[in-house]
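Q: Got a structure for you, structure35.pdb, holding PDB, C-alpha atoms.
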```pdb
ATOM      1  CA  MET N   1      -0.114   0.435 -19.573
ATOM      2  CA  LYS N   2      -2.933  -0.664 -21.891
ATOM      3  CA  ARG N   3      -4.343  -3.956 -20.563
ATOM      4  CA  ILE N   4      -3.796  -4.327 -16.850
ATOM      5  CA  MET N   5      -4.338  -7.277 -14.507
ATOM      6  CA  ILE N   6      -4.626  -6.497 -10.793
ATOM      7  CA  THR N   7      -4.281  -9.173  -8.127
ATOM      8  CA  GLY N   8      -5.860  -8.477  -4.754
ATOM      9  CA  ALA N   9      -8.186  -6.094  -6.565
ATOM     10  CA  LEU N  10     -10.756  -6.070  -3.751
ATOM     11  CA  GLY N  11      -8.261  -5.322  -0.993
ATOM     12  CA  GLN N  12      -7.247  -2.145   0.831
ATOM     13  CA  ILE N  13      -5.502  -0.473  -2.113
ATOM     14  CA  GLY N  14      -6.716  -2.646  -4.979
ATOM     15  CA  SER N  15     -10.386  -1.786  -4.604
ATOM     16  CA  GLU N  16      -9.741   1.912  -5.177
ATOM     17  CA  LEU N  17      -6.895   1.431  -7.646
ATOM     18  CA  THR N  18      -9.080  -0.764  -9.880
ATOM     19  CA  VAL N  19     -11.741   1.934 -10.141
ATOM     20  CA  LYS N  20      -9.173   4.671 -10.808
ATOM     21  CA  LEU N  21      -7.389   2.711 -13.543
ATOM     22  CA  ARG N  22     -10.695   1.923 -15.244
ATOM     23  CA  GLU N  23     -11.473   5.633 -15.281
ATOM     24  CA  ILE N  24      -8.105   6.335 -16.928
ATOM     25  CA  TYR N  25      -7.651   3.403 -19.312
ATOM     26  CA  GLY N  26     -11.207   2.132 -19.826
ATOM     27  CA  ALA N  27     -13.303  -0.371 -17.884
ATOM     28  CA  ASP N  28     -12.609  -3.314 -20.210
ATOM     29  CA  GLN N  29      -8.839  -2.714 -20.099
ATOM     30  CA  VAL N  30      -8.472  -3.434 -16.369
ATOM     31  CA  ILE N  31      -8.954  -7.031 -15.226
ATOM     32  CA  ALA N  32      -9.672  -7.295 -11.512
ATOM     33  CA  THR N  33      -8.770 -10.564  -9.794
ATOM     34  CA  ASP N  34      -9.169 -11.748  -6.218
ATOM     35  CA  ILE N  35      -9.747 -14.897  -4.213
ATOM     36  CA  ARG N  36     -13.355 -13.832  -3.617
ATOM     37  CA  LYS N  37     -15.968 -11.648  -5.283
ATOM     38  CA  ASN N  38     -18.197  -9.050  -3.655
ATOM     39  CA  GLU N  39     -20.693  -6.401  -4.742
ATOM     40  CA  THR N  40     -18.258  -3.464  -4.812
ATOM     41  CA  GLU N  41     -17.614  -1.201  -7.770
ATOM     42  CA  ALA N  42     -14.197  -2.791  -8.295
ATOM     43  CA  ALA N  43     -15.779  -6.210  -8.768
ATOM     44  CA  LEU N  44     -18.736  -5.121 -10.888
ATOM     45  CA  SER N  45     -17.502  -2.251 -13.087
ATOM     46  CA  GLY N  46     -15.376  -4.340 -15.456
ATOM     47  CA  PRO N  47     -13.844  -7.777 -16.075
ATOM     48  CA  PHE N  48     -13.389  -9.877 -12.924
ATOM     49  CA  GLU N  49     -11.768 -13.279 -12.473
ATOM     50  CA  MET N  50     -11.344 -15.451  -9.378
ATOM     51  CA  VAL N  51      -7.612 -15.977  -8.864
ATOM     52  CA  ASP N  52      -5.769 -17.412  -5.866
ATOM     53  CA  VAL N  53      -2.285 -15.924  -6.194
ATOM     54  CA  THR N  54      -0.720 -19.117  -4.850
ATOM     55  CA  ASP N  55      -2.115 -20.874  -7.970
ATOM     56  CA  ALA N  56       0.483 -20.014 -10.618
ATOM     57  CA  ARG N  57      -1.265 -21.840 -13.459
ATOM     58  CA  THR N  58      -4.586 -20.021 -13.080
ATOM     59  CA  MET N  59      -2.898 -16.645 -12.738
ATOM     60  CA  LEU N  60      -0.977 -17.148 -15.984
ATOM     61  CA  GLU N  61      -4.067 -18.483 -17.802
ATOM     62  CA  VAL N  62      -6.102 -15.405 -16.860
ATOM     63  CA  ALA N  63      -3.287 -13.063 -17.889
ATOM     64  CA  LYS N  64      -2.994 -14.808 -21.262
ATOM     65  CA  LYS N  65      -6.780 -14.836 -21.741
ATOM     66  CA  TYR N  66      -6.856 -11.044 -21.575
ATOM     67  CA  ASN N  67      -3.462 -10.514 -23.255
ATOM     68  CA  VAL N  68      -2.308  -8.208 -20.442
ATOM     69  CA  ASP N  69       0.731  -5.982 -20.813
ATOM     70  CA  SER N  70       0.893  -4.873 -17.146
ATOM     71  CA  VAL N  71       0.611  -6.835 -13.901
ATOM     72  CA  ILE N  72      -0.127  -4.952 -10.683
ATOM     73  CA  HIS N  73       0.323  -7.346  -7.787
ATOM     74  CA  MET N  74      -1.498  -6.101  -4.670
ATOM     75  CA  ALA N  75      -2.454  -9.373  -2.954
ATOM     76  CA  ALA N  76      -0.743  -9.646   0.431
ATOM     77  CA  LEU N  77      -1.260 -10.154   4.146
ATOM     78  CA  LEU N  78      -0.685  -6.920   6.104
ATOM     79  CA  SER N  79       1.656  -6.341   9.040
ATOM     80  CA  ALA N  80      -0.321  -7.174  12.192
ATOM     81  CA  THR N  81      -2.188 -10.035  10.492
ATOM     82  CA  ALA N  82       1.076 -11.442   9.115
ATOM     83  CA  GLU N  83       2.696 -11.346  12.552
ATOM     84  CA  ALA N  84      -0.154 -13.434  13.941
ATOM     85  CA  ASN N  85       0.354 -16.124  11.263
ATOM     86  CA  PRO N  86       3.916 -15.845   9.905
ATOM     87  CA  VAL N  87       4.065 -19.149   8.000
ATOM     88  CA  PHE N  88       0.855 -18.398   6.117
ATOM     89  CA  ALA N  89       2.120 -14.844   5.498
ATOM     90  CA  TRP N  90       5.361 -16.113   3.952
ATOM     91  CA  ASN N  91       3.560 -18.606   1.717
ATOM     92  CA  LEU N  92       0.976 -16.083   0.536
ATOM     93  CA  ASN N  93       3.163 -12.992   0.249
ATOM     94  CA  MET N  94       6.244 -14.574  -1.279
ATOM     95  CA  GLY N  95       4.598 -17.407  -3.206
ATOM     96  CA  GLY N  96       2.085 -15.006  -4.703
ATOM     97  CA  LEU N  97       4.801 -12.519  -5.630
ATOM     98  CA  MET N  98       6.889 -15.184  -7.361
ATOM     99  CA  ASN N  99       3.877 -16.342  -9.364
ATOM    100  CA  ALA N 100       3.045 -12.772 -10.379
ATOM    101  CA  LEU N 101       6.638 -12.080 -11.440
ATOM    102  CA  GLU N 102       6.689 -15.280 -13.473
ATOM    103  CA  THR N 103       3.457 -14.237 -15.166
ATOM    104  CA  ALA N 104       4.992 -10.866 -16.056
ATOM    105  CA  ARG N 105       8.139 -12.581 -17.352
ATOM    106  CA  GLU N 106       6.140 -14.992 -19.524
ATOM    107  CA  LEU N 107       4.103 -12.185 -21.078
ATOM    108  CA  LYS N 108       6.925  -9.599 -21.174
ATOM    109  CA  ALA N 109       4.615  -7.363 -19.138
ATOM    110  CA  GLN N 110       5.350  -4.332 -17.010
ATOM    111  CA  PHE N 111       5.155  -5.123 -13.286
ATOM    112  CA  PHE N 112       4.301  -3.272 -10.077
ATOM    113  CA  THR N 113       4.111  -4.415  -6.480
ATOM    114  CA  PRO N 114       4.076  -2.247  -3.358
ATOM    115  CA  SER N 115       6.659  -2.347  -0.622
ATOM    116  CA  SER N 116       6.292  -0.593   2.715
ATOM    117  CA  ILE N 117       8.028   1.299   5.499
ATOM    118  CA  GLY N 118       7.763  -2.109   7.160
ATOM    119  CA  ALA N 119      10.876  -3.029   5.155
ATOM    120  CA  PHE N 120      12.842  -0.891   7.598
ATOM    121  CA  GLY N 121      13.773  -2.003  11.108
ATOM    122  CA  PRO N 122      15.028  -0.714  14.458
ATOM    123  CA  SER N 123      18.605  -0.300  13.182
ATOM    124  CA  THR N 124      17.454   1.883  10.258
ATOM    125  CA  PRO N 125      17.938   5.668  10.749
ATOM    126  CA  LYS N 126      14.666   6.870  12.319
ATOM    127  CA  ASP N 127      14.444  10.417  10.964
ATOM    128  CA  ARG N 128      14.313  11.198   7.239
ATOM    129  CA  THR N 129      15.141   7.586   6.510
ATOM    130  CA  PRO N 130      17.205   7.534   3.287
ATOM    131  CA  GLN N 131      16.210   5.807   0.072
ATOM    132  CA  ASP N 132      19.279   3.578   0.320
ATOM    133  CA  THR N 133      19.875   2.376   3.868
ATOM    134  CA  ILE N 134      20.061  -0.706   6.091
ATOM    135  CA  HIS N 135      17.067  -3.080   6.059
ATOM    136  CA  ARG N 136      16.873  -5.382   9.081
ATOM    137  CA  PRO N 137      13.132  -5.661   9.851
ATOM    138  CA  THR N 138      11.960  -7.612  12.896
ATOM    139  CA  THR N 139       8.535  -8.651  11.531
ATOM    140  CA  MET N 140       7.518 -11.300   9.015
ATOM    141  CA  TYR N 141       5.752  -8.590   6.991
ATOM    142  CA  GLY N 142       8.980  -6.580   6.876
ATOM    143  CA  VAL N 143      11.024  -9.620   5.886
ATOM    144  CA  ASN N 144       8.529 -10.282   3.072
ATOM    145  CA  LYS N 145       8.816  -6.702   1.837
ATOM    146  CA  VAL N 146      12.628  -6.679   1.792
ATOM    147  CA  ALA N 147      12.684 -10.039   0.038
ATOM    148  CA  GLY N 148      10.081  -8.748  -2.422
ATOM    149  CA  GLU N 149      12.156  -5.689  -3.278
ATOM    150  CA  LEU N 150      15.210  -7.854  -3.891
ATOM    151  CA  LEU N 151      13.249 -10.424  -5.902
ATOM    152  CA  SER N 152      11.768  -7.695  -8.104
ATOM    153  CA  ASP N 153      15.253  -6.278  -8.679
ATOM    154  CA  TYR N 154      16.437  -9.781  -9.577
ATOM    155  CA  TYR N 155      13.722 -10.179 -12.209
ATOM    156  CA  PHE N 156      14.668  -6.812 -13.694
ATOM    157  CA  HIS N 157      18.399  -7.553 -13.903
ATOM    158  CA  LYS N 158      18.132 -11.278 -14.728
ATOM    159  CA  PHE N 159      15.138 -11.393 -17.069
ATOM    160  CA  GLY N 160      14.577  -7.783 -18.117
ATOM    161  CA  VAL N 161      11.122  -7.539 -16.483
ATOM    162  CA  ASP N 162      10.172  -3.868 -16.128
ATOM    163  CA  THR N 163       9.590  -4.052 -12.369
ATOM    164  CA  ARG N 164       8.655  -0.996 -10.305
ATOM    165  CA  GLY N 165       7.560  -0.396  -6.724
ATOM    166  CA  LEU N 166       6.843   2.100  -3.954
ATOM    167  CA  ARG N 167       7.576   1.912  -0.231
ATOM    168  CA  PHE N 168       4.226   3.061   1.062
ATOM    169  CA  PRO N 169       3.718   4.579   4.487
ATOM    170  CA  GLY N 170       0.421   4.041   6.317
ATOM    171  CA  LEU N 171      -2.465   4.613   3.901
ATOM    172  CA  ILE N 172      -5.638   6.406   5.000
ATOM    173  CA  SER N 173      -8.941   5.976   3.136
ATOM    174  CA  TYR N 174     -12.640   6.666   3.623
ATOM    175  CA  VAL N 175     -13.575   3.981   1.073
ATOM    176  CA  THR N 176     -11.983   0.777   2.347
ATOM    177  CA  PRO N 177     -12.140  -0.272   6.026
ATOM    178  CA  PRO N 178      -8.917  -1.147   7.895
ATOM    179  CA  GLY N 179      -7.345  -4.452   6.924
ATOM    180  CA  GLY N 180      -4.963  -5.541   9.692
ATOM    181  CA  GLY N 181      -2.143  -3.028   9.366
ATOM    182  CA  THR N 182      -0.194  -1.353  12.159
ATOM    183  CA  THR N 183      -1.072   2.126  10.897
ATOM    184  CA  ASP N 184      -4.810   1.369  10.763
ATOM    185  CA  TYR N 185      -5.394   3.474  13.888
ATOM    186  CA  ALA N 186      -5.084   6.527  11.641
ATOM    187  CA  VAL N 187      -8.062   5.247   9.644
ATOM    188  CA  GLU N 188     -10.144   3.998  12.588
ATOM    189  CA  ILE N 189      -9.816   7.295  14.443
ATOM    190  CA  TYR N 190     -11.803   9.129  11.733
ATOM    191  CA  TYR N 191     -14.568   6.529  11.630
ATOM    192  CA  GLU N 192     -14.913   6.625  15.422
ATOM    193  CA  ALA N 193     -14.771  10.418  15.521
ATOM    194  CA  VAL N 194     -17.771  10.643  13.198
ATOM    195  CA  LYS N 195     -19.733   7.794  14.805
ATOM    196  CA  ASN N 196     -18.974   8.201  18.513
ATOM    197  CA  GLY N 197     -16.910  11.348  19.062
ATOM    198  CA  LYS N 198     -14.139   9.411  20.777
ATOM    199  CA  TYR N 199     -11.453   6.853  20.031
ATOM    200  CA  THR N 200      -9.233   4.472  22.012
ATOM    201  CA  SER N 201      -5.873   4.177  20.276
ATOM    202  CA  TYR N 202      -3.825   1.001  20.302
ATOM    203  CA  ILE N 203      -0.759   3.073  19.321
ATOM    204  CA  ASP N 204       0.755   5.161  22.122
ATOM    205  CA  LYS N 205       0.989   8.950  22.124
ATOM    206  CA  GLY N 206       4.281  10.273  20.793
ATOM    207  CA  THR N 207       4.611   7.454  18.227
ATOM    208  CA  TYR N 208       5.372   9.096  14.890
ATOM    209  CA  MET N 209       4.766   7.228  11.638
ATOM    210  CA  ASP N 210       4.657   8.319   8.006
ATOM    211  CA  MET N 211       1.230   8.427   6.398
ATOM    212  CA  MET N 212      -0.379   9.161   3.043
ATOM    213  CA  TYR N 213      -3.940   9.807   1.905
ATOM    214  CA  MET N 214      -5.153   7.180  -0.551
ATOM    215  CA  PRO N 215      -5.707   9.580  -3.499
ATOM    216  CA  ASP N 216      -1.998  10.486  -3.359
ATOM    217  CA  ALA N 217      -1.030   6.800  -3.196
ATOM    218  CA  LEU N 218      -3.104   5.947  -6.272
ATOM    219  CA  ASP N 219      -1.681   8.893  -8.193
ATOM    220  CA  ALA N 220       1.848   7.780  -7.267
ATOM    221  CA  ILE N 221       1.268   4.283  -8.694
ATOM    222  CA  VAL N 222       0.035   5.687 -12.003
ATOM    223  CA  GLN N 223       2.844   8.260 -12.191
ATOM    224  CA  LEU N 224       5.527   5.652 -11.517
ATOM    225  CA  MET N 225       4.120   3.163 -14.020
ATOM    226  CA  GLU N 226       3.954   5.873 -16.689
ATOM    227  CA  ALA N 227       7.444   7.220 -15.904
ATOM    228  CA  ASP N 228      10.294   7.046 -18.431
ATOM    229  CA  PRO N 229      12.202   3.843 -17.498
ATOM    230  CA  SER N 230      15.526   5.391 -18.513
ATOM    231  CA  LYS N 231      15.218   7.842 -15.615
ATOM    232  CA  LEU N 232      14.532   5.237 -12.928
ATOM    233  CA  LYS N 233      17.638   4.434 -10.927
ATOM    234  CA  HIS N 234      15.944   2.670  -8.010
ATOM    235  CA  ARG N 235      12.772   0.941  -9.300
ATOM    236  CA  ASN N 236      12.186  -1.391  -6.300
ATOM    237  CA  SER N 237      11.242   0.501  -4.308
ATOM    238  CA  PHE N 238      10.895   4.283  -3.992
ATOM    239  CA  ASN N 239      10.324   5.966  -0.643
ATOM    240  CA  VAL N 240       7.131   8.049  -0.803
ATOM    241  CA  THR N 241       5.423  10.008   1.949
ATOM    242  CA  ALA N 242       3.053  12.891   2.533
ATOM    243  CA  MET N 243       3.073  13.528   6.295
ATOM    244  CA  SER N 244       4.343  12.230   9.623
ATOM    245  CA  PHE N 245       2.327  12.546  12.820
ATOM    246  CA  GLU N 246       1.544  10.950  16.180
ATOM    247  CA  PRO N 247      -1.941  10.252  17.618
ATOM    248  CA  GLU N 248      -2.266  13.506  19.576
ATOM    249  CA  GLN N 249      -1.677  15.544  16.421
ATOM    250  CA  ILE N 250      -4.359  13.783  14.410
ATOM    251  CA  ALA N 251      -6.756  14.193  17.366
ATOM    252  CA  ALA N 252      -5.998  17.926  17.446
ATOM    253  CA  GLU N 253      -6.861  18.238  13.754
ATOM    254  CA  ILE N 254     -10.118  16.340  14.261
ATOM    255  CA  ARG N 255     -11.091  18.725  17.110
ATOM    256  CA  LYS N 256     -10.984  21.629  14.632
ATOM    257  CA  HIS N 257     -14.071  20.025  13.070
ATOM    258  CA  ILE N 258     -15.475  17.987  16.020
ATOM    259  CA  PRO N 259     -14.572  20.048  19.132
ATOM    260  CA  HIS N 260     -15.819  17.459  21.649
ATOM    261  CA  PHE N 261     -13.663  14.638  20.205
ATOM    262  CA  GLU N 262     -11.748  12.653  22.842
ATOM    263  CA  ILE N 263      -8.804  10.273  22.486
ATOM    264  CA  SER N 264      -7.659   7.697  25.040
ATOM    265  CA  TYR N 265      -5.115   4.891  24.942
ATOM    266  CA  LYS N 266      -5.045   1.122  25.375
ATOM    267  CA  VAL N 267      -1.746   0.156  23.793
ATOM    268  CA  ASP N 268      -1.507  -3.124  21.872
ATOM    269  CA  PRO N 269       2.017  -4.447  22.647
ATOM    270  CA  ILE N 270       2.358  -6.281  19.316
ATOM    271  CA  ARG N 271       1.363  -3.388  17.068
ATOM    272  CA  GLN N 272       3.217  -0.891  19.247
ATOM    273  CA  SER N 273       6.426  -2.919  18.939
ATOM    274  CA  ILE N 274       6.002  -2.975  15.162
ATOM    275  CA  ALA N 275       5.429   0.799  15.091
ATOM    276  CA  ASP N 276       8.479   1.401  17.282
ATOM    277  CA  SER N 277      10.651  -0.473  14.772
ATOM    278  CA  TRP N 278       9.594   1.811  11.898
ATOM    279  CA  PRO N 279      10.902   5.272  10.956
ATOM    280  CA  ASN N 280       9.547   8.538  12.355
ATOM    281  CA  SER N 281       9.838  10.099   8.896
ATOM    282  CA  ILE N 282      11.334   9.152   5.524
ATOM    283  CA  ASP N 283      13.174  10.937   2.724
ATOM    284  CA  ASP N 284      11.325  10.780  -0.610
ATOM    285  CA  SER N 285      13.811  12.861  -2.620
ATOM    286  CA  ALA N 286      14.678   9.985  -5.001
ATOM    287  CA  ALA N 287      11.027   9.705  -6.093
ATOM    288  CA  VAL N 288      10.828  13.485  -6.483
ATOM    289  CA  GLU N 289      13.994  13.639  -8.592
ATOM    290  CA  GLU N 290      13.506  10.523 -10.752
ATOM    291  CA  TRP N 291       9.809  10.754 -11.679
ATOM    292  CA  GLY N 292       8.396  13.936 -10.154
ATOM    293  CA  PHE N 293       6.507  12.567  -7.147
ATOM    294  CA  LYS N 294       4.489  15.120  -5.188
ATOM    295  CA  ALA N 295       1.801  14.553  -2.540
ATOM    296  CA  ASN N 296      -1.192  16.896  -2.553
ATOM    297  CA  PHE N 297      -2.657  16.210   0.901
ATOM    298  CA  ASP N 298      -1.183  17.238   4.255
ATOM    299  CA  LEU N 299      -2.735  16.339   7.635
ATOM    300  CA  GLY N 300      -5.105  19.303   7.715
ATOM    301  CA  LYS N 301      -6.389  18.910   4.166
ATOM    302  CA  MET N 302      -6.747  15.136   4.571
ATOM    303  CA  THR N 303      -8.638  15.457   7.863
ATOM    304  CA  GLU N 304     -11.133  17.896   6.388
ATOM    305  CA  ASN N 305     -11.731  15.636   3.382
ATOM    306  CA  MET N 306     -11.929  12.410   5.424
ATOM    307  CA  LEU N 307     -14.492  13.776   7.856
ATOM    308  CA  ASP N 308     -16.590  15.258   5.060
ATOM    309  CA  LYS N 309     -16.636  11.991   3.086
ATOM    310  CA  LEU N 310     -17.377   9.839   6.157
ATOM    311  CA  LYS N 311     -20.273  12.069   7.198
ATOM    312  CA  GLN N 312     -21.704  11.604   3.695
ATOM    313  CA  LYS N 313     -21.392   7.818   4.047
TER     314      LYS N 313
END
```
Please express what this file holds, its structure, as structure tokens.
A:
Amino acid sequence: MKRIMITGALGQIGSELTVKLREIYGADQVIATDIRKNETEAALSGPFEMVDVTDARTMLEVAKKYNVDSVIHMAALLSATAEANPVFAWNLNMGGLMNALETARELKAQFFTPSSIGAFGPSTPKDRTPQDTIHRPTTMYGVNKVAGELLSDYYFHKFGVDTRGLRFPGLISYVTPPGGGTTDYAVEIYYEAVKNGKYTSYIDKGTYMDMMYMPDALDAIVQLMEADPSKLKHRNSFNVTAMSFEPEQIAAEIRKHIPHFEISYKVDPIRQSIADSWPNSIDDSAAVEEWGFKANFDLGKMTENMLDKLKQK
């Protein structure tokens, strides 16, 4: 990667990824795009262009203007938000992806887009979910992710686009607030622990889901994009994970630092049903073997860092 265009650059992952890539490759080499502009570091620390990903012409014009050689497509509606508006989710998630892939094809650019554990469904093996397994999701978000994986594979085999992707678990960050995902409880719980010393979880106790701290997720994107393509057997998309836990376990870790912390439950049926359809844990051995993936944060180390950073904020 030398000149990189990021769609959805002000979103949950994009806002931190933009800053990281500018640190690595240079501020002027990373073009942030989004449907809006704000006063964040991602918007102000380098080139920024307003791009609606459903507008194919503008996306291609911006990519040509900056002569990009890599397209990182992050713009998407997340799981709970997509379930509330499935038609809009399909049009944004799939229309935007097609436009981004076409841009990469036109410019012969490298391409990345994230998938998710949402691509799995209730008939997928729940424990140590394999890299290659059945995908029958029961959410619009999941359907989008499966279709996106297949579409990216199609562009690789049909047009030779160097497409790559990761199946992310829930991502936890102290920088970006929650954005409508099912796993957002694992972000909210830290904010509420610092502010109020208690949290009411919309996900029920005993519900295990895979998670990853944002620094590990950003490192994984860079590592995969820099990996030797001849060693990549799967491309779209690799299972990656760092930890699997349920709400009581994260509460127990928080109490090591905030002893009076309390957790209670008011289960959201929609988000709980989505969580129940996802794996308890996934197998990331393909990512380990093909490009050396390794997470650095476990639950304890992440909790200590999250609480420290949030107290500073």
Q: Counting only C-alpha atoms, figure out which residue out of N:Ala63, N:Ala56, N:Val51, N:Met214 gets nearest to Ile4 (chain N).
A: N:Ala63
Q: Given the choices N:Ser70, N:Asn91, N:Thr200, N:Gln131, which gets closest to Asp162 (chain N) if the distance is worked out from all atoms listed in the file?
A: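 Ranking N:Ser70, N:Asn91, N:Thr200, N:Gln131 by distance to Asp162 (chain N), first place goes to N:Ser70.
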Q: What is the distance between CA of Gln223 (chain N) and CA of Asn144 (chain N), in Å to one decimal?
A: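 Distance between the two atoms: 24.7 Å.
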Q: With the file shown as input, list the residues that the PyMOL selection byres ((chain N and resi 273) around 12) selects, as a list in words.
A: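 Residues picked by the PyMOL selection byres ((chain N and resi 273) around 12): Ser79, Ala80, Glu83, Gly118, Gly121, Pro122, Pro137, Thr138, Thr139, Thr182, Tyr202, Ile203, Asp204, Thr207, Val267, Asp268, Pro269, Ile270, Arg271, Gln272, Ile274, Ala275, Asp276, Ser277 and Trp278 of chain N.
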Q: Please, could you write that set of residues out with C-alpha atoms as a PDB file, in the coordinates of the input?
A:
```
ATOM      1  CA  SER N  79       1.656  -6.341   9.040  1.00  0.00           C
ATOM      2  CA  ALA N  80      -0.321  -7.174  12.192  1.00  0.00           C
ATOM      3  CA  GLU N  83       2.696 -11.346  12.552  1.00  0.00           C
ATOM      4  CA  GLY N 118       7.763  -2.109   7.160  1.00  0.00           C
ATOM      5  CA  GLY N 121      13.773  -2.003  11.108  1.00  0.00           C
ATOM      6  CA  PRO N 122      15.028  -0.714  14.458  1.00  0.00           C
ATOM      7  CA  PRO N 137      13.132  -5.661   9.851  1.00  0.00           C
ATOM      8  CA  THR N 138      11.960  -7.612  12.896  1.00  0.00           C
ATOM      9  CA  THR N 139       8.535  -8.651  11.531  1.00  0.00           C
ATOM     10  CA  THR N 182      -0.194  -1.353  12.159  1.00  0.00           C
ATOM     11  CA  TYR N 202      -3.825   1.001  20.302  1.00  0.00           C
ATOM     12  CA  ILE N 203      -0.759   3.073  19.321  1.00  0.00           C
ATOM     13  CA  ASP N 204       0.755   5.161  22.122  1.00  0.00           C
ATOM     14  CA  THR N 207       4.611   7.454  18.227  1.00  0.00           C
ATOM     15  CA  VAL N 267      -1.746   0.156  23.793  1.00  0.00           C
ATOM     16  CA  ASP N 268      -1.507  -3.124  21.872  1.00  0.00           C
ATOM     17  CA  PRO N 269       2.017  -4.447  22.647  1.00  0.00           C
ATOM     18  CA  ILE N 270       2.358  -6.281  19.316  1.00  0.00           C
ATOM     19  CA  ARG N 271       1.363  -3.388  17.068  1.00  0.00           C
ATOM     20  CA  GLN N 272       3.217  -0.891  19.247  1.00  0.00           C
ATOM     21  CA  ILE N 274       6.002  -2.975  15.162  1.00  0.00           C
ATOM     22  CA  ALA N 275       5.429   0.799  15.091  1.00  0.00           C
ATOM     23  CA  ASP N 276       8.479   1.401  17.282  1.00  0.00           C
ATOM     24  CA  SER N 277      10.651  -0.473  14.772  1.00  0.00           C
ATOM     25  CA  TRP N 278       9.594   1.811  11.898  1.00  0.00           C
TER      26      TRP N 278
END
```
Q: Go through the shown structure with the PyMOL selection byres ((chain N and resi 109) around 8) and write out the matching residues as a PyMOL selection string.
A: chain N and resi 68-71+104-108+110-111+161-162
Q: Could you write those residues out with C-alpha atoms, as a PDB file, keeping the file's coordinate frame?
A:
```
ATOM      1  CA  VAL N  68      -2.308  -8.208 -20.442  1.00  0.00           C
ATOM      2  CA  ASP N  69       0.731  -5.982 -20.813  1.00  0.00           C
ATOM      3  CA  SER N  70       0.893  -4.873 -17.146  1.00  0.00           C
ATOM      4  CA  VAL N  71       0.611  -6.835 -13.901  1.00  0.00           C
ATOM      5  CA  ALA N 104       4.992 -10.866 -16.056  1.00  0.00           C
ATOM      6  CA  ARG N 105       8.139 -12.581 -17.352  1.00  0.00           C
ATOM      7  CA  GLU N 106       6.140 -14.992 -19.524  1.00  0.00           C
ATOM      8  CA  LEU N 107       4.103 -12.185 -21.078  1.00  0.00           C
ATOM      9  CA  LYS N 108       6.925  -9.599 -21.174  1.00  0.00           C
ATOM     10  CA  GLN N 110       5.350  -4.332 -17.010  1.00  0.00           C
ATOM     11  CA  PHE N 111       5.155  -5.123 -13.286  1.00  0.00           C
ATOM     12  CA  VAL N 161      11.122  -7.539 -16.483  1.00  0.00           C
ATOM     13  CA  ASP N 162      10.172  -3.868 -16.128  1.00  0.00           C
TER      14      ASP N 162
END
```
Q: If the PyMOL selection byres ((chain N and resi 31-47) around 9) were run on this exact file, what residues would it hold? Put them as an MDAnalysis selection string.
A: chainID N and resid 3:11 14:19 22 26:30 48:53 59 62:63 66 68 75
Q: By how many Å are CA of Glu226 (chain N) and CA of Glu149 (chain N) apart?
A: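 That distance, rounded to one decimal, is 19.5 Å.
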Q: Which of these residues is nearest to His157 (chain N), using only C-alpha atoms: N:Thr103, N:Gln12, N:Thr303, N:Asn236?
A: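 Closest to His157 (chain N), using only C-alpha atoms: N:Asn236.
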Q: Considering only C-alpha atoms, return as a PyMOL selection string whatever protein or nucleic-acid residues lie within 8 Å of Ser123 (chain N), sequence-local ones (same chain, fewer than 6 positions apart) excluded.
A: chain N and resi 134-136
Q: Take the selection from the previous step and output its residues with C-alpha atoms, as an mmCIF file, in the frame of the given file.
A:
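Okay, this is what ended up in selection_22.cif:
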```cif
data_model
loop_
_atom_site.group_PDB
_atom_site.id
_atom_site.type_symbol
_atom_site.label_atom_id
_atom_site.label_comp_id
_atom_site.auth_asym_id
_atom_site.auth_seq_id
_atom_site.Cartn_x
_atom_site.Cartn_y
_atom_site.Cartn_z
ATOM 1 C CA ILE N 134 20.061 -0.706 6.091
ATOM 2 C CA HIS N 135 17.067 -3.080 6.059
ATOM 3 C CA ARG N 136 16.873 -5.382 9.081
#
```
